[in-house]
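Pasting my_file-v9.cif here (mmCIF, C-alpha atoms):
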data_structure
loop_
_atom_site.label_atom_id
_atom_site.label_comp_id
_atom_site.auth_asym_id
_atom_site.auth_seq_id
_atom_site.Cartn_x
_atom_site.Cartn_y
_atom_site.Cartn_z
CA MET A 1015 100.65 90.04 42.82
CA TYR A 1016 97.95 92.73 42.83
CA LYS A 1017 95.53 90.40 44.71
CA GLU A 1018 98.24 89.59 47.27
CA THR A 1019 98.94 93.30 47.88
CA LEU A 1020 95.22 94.02 48.14
CA SER A 1021 94.82 91.19 50.67
CA LYS A 1022 97.70 92.58 52.76
CA GLN A 1023 96.16 96.05 52.67
CA LYS A 1024 92.79 94.67 53.78
CA LEU A 1025 94.49 92.76 56.60
CA LEU A 1026 96.39 95.87 57.64
CA MET A 1027 93.20 97.98 57.58
CA SER A 1028 91.30 95.35 59.59
CA THR A 1029 94.10 95.24 62.16
CA LEU A 1030 94.13 99.04 62.41
CA LEU A 1031 90.38 99.10 62.86
CA VAL A 1032 90.59 96.55 65.70
CA VAL A 1033 93.36 98.57 67.40
CA VAL A 1034 91.33 101.79 67.14
CA VAL A 1035 88.15 100.15 68.46
CA VAL A 1036 89.92 98.44 71.38
CA SER A 1037 91.78 101.65 72.28
CA SER A 1038 88.54 103.62 72.18
CA LEU A 1039 86.81 101.09 74.43
CA MET A 1040 89.69 101.25 76.92
CA ILE A 1041 89.44 105.05 77.03
CA LEU A 1042 85.66 104.89 77.51
CA LEU A 1043 85.99 102.34 80.30
CA ALA A 1044 88.61 104.46 82.07
CA ALA A 1045 86.38 107.52 81.77
CA ALA A 1046 83.37 105.58 83.03
CA ASN A 1047 85.30 104.61 86.16
CA PRO A 1048 87.16 107.74 87.25
CA ILE A 1049 87.85 106.41 90.75
CA HIS A 1050 90.05 103.70 89.26
CA ASN A 1051 92.42 106.41 88.02
CA ALA A 1052 93.04 107.63 91.59
CA TYR A 1053 94.53 104.45 92.96
CA SER A 1054 96.91 101.80 91.78
CA ILE A 1055 96.78 98.04 91.74
CA ASN A 1056 99.20 96.82 94.41
CA PRO A 1057 99.59 93.81 96.74
CA THR A 1058 97.04 95.29 99.16
CA ASN A 1059 94.58 96.12 96.36
CA PRO A 1060 95.02 93.42 93.70
CA THR A 1061 91.64 94.07 92.03
CA ASP A 1062 90.09 97.22 90.61
CA ASP A 1063 86.83 97.08 92.59
CA VAL A 1064 88.15 97.30 96.17
CA ILE A 1065 90.45 99.84 97.80
CA LYS A 1066 91.66 99.15 101.32
CA GLY A 1067 94.42 100.51 103.45
CA SER A 1068 95.47 101.92 106.78
CA ILE A 1069 94.49 105.00 108.73
CA SER A 1070 97.50 106.80 110.21
CA SER A 1071 96.99 110.37 111.30
CA ILE A 1072 97.57 112.90 114.07
CA SER A 1073 95.05 115.54 115.08
CA ASN A 1074 94.93 118.29 117.67
CA ASP A 1075 92.38 118.19 120.47
CA PRO A 1076 89.91 121.00 119.72
CA SER A 1077 89.54 121.84 123.42
CA ASN A 1078 93.30 121.99 124.08
CA SER A 1079 95.65 122.41 121.11
CA SER A 1080 98.63 121.15 123.14
CA ILE A 1081 97.02 117.68 123.25
CA GLN A 1082 97.43 115.54 120.15
CA TRP A 1083 95.64 112.34 119.20
CA ILE A 1084 97.10 109.49 117.13
CA THR A 1085 94.53 107.85 114.88
CA THR A 1086 95.30 104.38 113.49
CA GLY A 1087 93.12 101.74 111.89
CA VAL A 1088 91.87 100.37 108.60
CA TYR A 1089 89.35 101.24 105.89
CA LYS A 1090 87.80 99.56 102.89
CA ILE A 1091 86.01 100.98 99.84
CA GLU A 1092 84.02 98.39 97.89
CA ASN A 1093 82.00 98.56 94.67
CA VAL A 1094 84.45 101.11 93.31
CA LYS A 1095 83.11 100.81 89.76
CA THR A 1096 79.43 101.22 90.58
CA SER A 1097 78.27 102.75 93.87
CA PRO A 1098 81.16 102.98 96.32
CA THR A 1099 80.71 101.94 99.93
CA PHE A 1100 83.13 103.00 102.67
CA ASN A 1101 83.78 101.43 106.06
CA SER A 1102 86.51 102.21 108.58
CA THR A 1103 87.39 101.38 112.16
CA PHE A 1104 90.23 103.06 114.01
CA TYR A 1105 91.75 103.72 117.41
CA MET A 1106 92.33 107.17 118.84
CA ILE A 1107 94.91 107.54 121.59
CA LYS A 1108 96.66 110.56 123.06
CA THR A 1109 100.37 110.92 122.31
CA ASP A 1110 101.04 110.26 126.03
CA GLY A 1111 99.42 106.81 125.68
CA THR A 1112 96.18 107.59 127.50
CA GLY A 1113 92.56 107.97 126.41
CA LYS A 1114 92.42 105.02 124.00
CA HIS A 1115 89.04 104.51 122.31
CA THR A 1116 87.66 103.38 118.95
CA HIS A 1117 85.41 104.80 116.26
CA SER A 1118 83.81 103.39 113.14
CA ILE A 1119 82.61 105.12 110.00
CA TYR A 1120 80.09 103.12 107.99
CA ASP A 1121 76.97 103.27 105.84
CA PHE A 1122 78.55 105.82 103.46
CA LYS A 1123 76.06 107.03 100.87
CA SER A 1124 77.42 109.05 97.97
CA ASN A 1125 75.26 112.06 97.13
CA ALA A 1126 77.01 113.15 93.93
CA ASP A 1127 79.16 111.88 91.10
CA PRO A 1128 82.87 111.59 91.94
CA ILE A 1129 84.88 114.76 91.35
CA VAL A 1130 87.96 113.88 89.33
CA ASN A 1131 90.99 116.17 89.13
CA THR A 1132 93.44 114.78 86.60
CA SER A 1133 96.05 117.49 87.27
CA ASN A 1134 96.75 116.11 90.77
CA ASN A 1135 95.38 112.59 90.21
CA SER A 1136 92.69 112.84 92.85
CA THR A 1137 89.08 111.72 93.16
CA VAL A 1138 86.66 113.16 95.70
CA LEU A 1139 83.59 111.30 96.96
CA ASN A 1140 80.98 113.37 98.81
CA GLY A 1141 78.17 111.90 100.83
CA THR A 1142 77.01 111.05 104.31
CA SER A 1143 77.97 108.32 106.75
CA THR A 1144 77.32 107.04 110.24
CA VAL A 1145 80.06 107.65 112.84
CA THR A 1146 80.24 105.88 116.18
CA MET A 1147 80.77 108.20 119.13
CA LYS A 1148 80.85 107.70 122.91
CA GLU A 1149 77.17 108.71 123.16
CA GLY A 1150 76.17 106.39 120.29
CA PRO A 1151 76.10 106.42 116.49
CA VAL A 1152 75.64 109.75 114.71
CA ASN A 1153 73.79 109.36 111.41
CA ASP A 1154 73.98 111.46 108.25
CA VAL A 1155 77.40 112.99 108.95
CA PRO A 1156 78.55 114.90 105.83
CA THR A 1157 81.65 113.00 104.70
CA GLN A 1158 84.26 113.78 102.07
CA ILE A 1159 86.63 110.99 101.03
CA THR A 1160 89.53 111.99 98.81
CA LEU A 1161 91.84 109.55 97.05
CA LEU A 1162 95.14 111.31 96.33
CA GLY A 1163 97.99 110.40 93.98
CA ASN A 1164 97.58 106.59 93.95
CA SER A 1165 98.63 106.23 97.59
CA VAL A 1166 96.83 108.52 100.03
CA ILE A 1167 93.30 108.85 101.38
CA SER A 1168 91.83 111.68 103.42
CA ILE A 1169 88.52 111.46 105.27
CA LEU A 1170 86.84 114.69 106.31
CA LEU A 1171 83.87 114.49 108.66
CA GLU A 1172 81.70 117.57 109.23
CA PRO A 1173 83.12 118.78 112.58
CA THR A 1174 79.87 120.21 113.99
CA LYS A 1175 78.02 116.89 113.54
CA VAL A 1176 80.62 115.05 115.67
CA ASN A 1177 81.29 117.81 118.25
CA ASN A 1178 84.69 118.62 116.70
CA HIS A 1179 85.90 115.27 118.07
CA PHE A 1180 88.27 114.66 115.14
CA GLY A 1181 89.51 118.25 115.07
CA SER A 1182 87.99 121.43 113.77
CA GLY A 1183 88.10 120.63 110.08
CA GLU A 1184 91.29 118.63 109.57
CA PRO A 1185 90.94 115.38 107.65
CA ILE A 1186 91.93 111.96 108.93
CA TYR A 1187 94.71 110.63 106.70
CA GLY A 1188 95.72 107.16 105.61
CA ASN A 1189 97.29 105.28 102.76
CA GLN A 1190 96.30 102.63 100.25
CA HIS A 1191 98.53 99.90 101.68
CA LEU A 1192 98.40 97.36 104.50
CA ILE A 1193 101.86 96.21 105.55
CA CYS A 1194 100.48 92.95 107.01
CA VAL A 1195 99.16 92.07 103.54
CA GLU A 1196 102.29 93.18 101.68
CA VAL A 1197 104.84 91.77 104.18
CA PRO A 1198 102.96 89.17 106.26
CA SER A 1199 106.06 88.13 108.23
CA TYR A 1200 105.96 91.50 110.05
CA CYS A 1201 102.59 90.67 111.53
CA LYS A 1202 103.09 87.08 112.68
#
If you took the structure in this file and wrote it as structure tokens, what would it be?
Amino acid sequence: MYKETLSKQKLLMSTLLVVVVVSSLMILLAAANPIHNAYSINPTNPTDDVIKGSISSISNDPSNSSIQWITTGVYKIENVKTSPTFNSTFYMIKTDGTGKHTHSIYDFKSNADPIVNTSNNSTVLNGTSTVTMKEGPVNDVPTQITLLGNSVISILLEPTKVNNHFGSGEPIYGNQHLICVEVPSYCK
């Protein structure tokens, strides 16, 4: 009887040890990948190493605040766990339907560790990127990408480097979903 009780205690202790070790590893892995905490796995983003979604924003024209621009497109962040890359292409069009043109943001290079704010579930990536403009690509544009609350992204481009084209300091907003991925019948 004593041997049987001792065996059960050893089994219980071994099981507890395994649970503690596995839990600790999970916490360490989560801490090692803070970006993962700022987005959720969903039909658009079924893995934990890619975040993609849509751009959907409105900005005021810096030269005439009564003119507004609609910004729509897509973005993709890859290598989330190691060294994130960011690419985006989007249309800009005036709210009256004129002035349609496109821009791309690519070649994002992070210049610091991600800034994680657990109180509002956000992660900020700071770096530089290349932005296509009418006159040609502009390199080394200071870029701040913020992932907010598991669903939103904001992209802030240094206004002076892009002639205030995207506004005078307002971010471009989007979300972490693509309706054509989640409900393909809408896009056929």
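Relative to CA of Asp1154 (chain A), CA of Asn1135 (chain A) is found at 28.0 Å.
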On this structure, the PyMOL selection byres ((chain A and resi 1137-1149) around 6) would catch which residues? List them as a list in words, sorted by chain and number. Ile1049, Ala1052, His1117, Ser1118, Ile1119, Tyr1120, Asp1121, Phe1122, Lys1123, Ser1124, Asn1125, Pro1128, Ile1129, Val1130, Ser1136, Gly1150, Pro1151, Val1152, Asn1153, Asp1154, Val1155, Pro1156, Thr1157, Gln1158, Ile1159, Thr1160 and Leu1161 of chain A
With the file shown as input, list the residues that the PyMOL selection byres ((chain A and resi 1113) around 12) selects, as an MDAnalysis selection string. chainID A and resid 1075 1081:1085 1105:1112 1114:1116
Pick from A:Gly1181, A:Thr1096, A:Thr1058, A:Leu1162, whichever lies nearest to Asn1131 (chain A) using only C-alpha atoms: A:Leu1162
Please compute the CA of Asn1164 (chain A)-CA of Lys1202 (chain A) distance, one decimal, in Å.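 These atoms are spaced 27.6 Å apart.
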Explicit residues for the PyMOL selection byres ((chain A and resi 1071) around 7) (as a PyMOL selection string): chain A and resi 1069-1070+1072-1073+1084-1086+1186-1188
Which one of A:Val1064, A:Ile1167, A:Ala1126, A:Val1088 sits closest to Asn1189 (chain A) if you count all atoms listed in the file?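 Closest to Asn1189 (chain A) of all the choices is A:Ile1167.
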As an exercise, work out the distance from CA of Ile1065 (chain A) to CA of Glu1196 (chain A) in Å and give it to one decimal place.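 It comes out at 14.1 Å.
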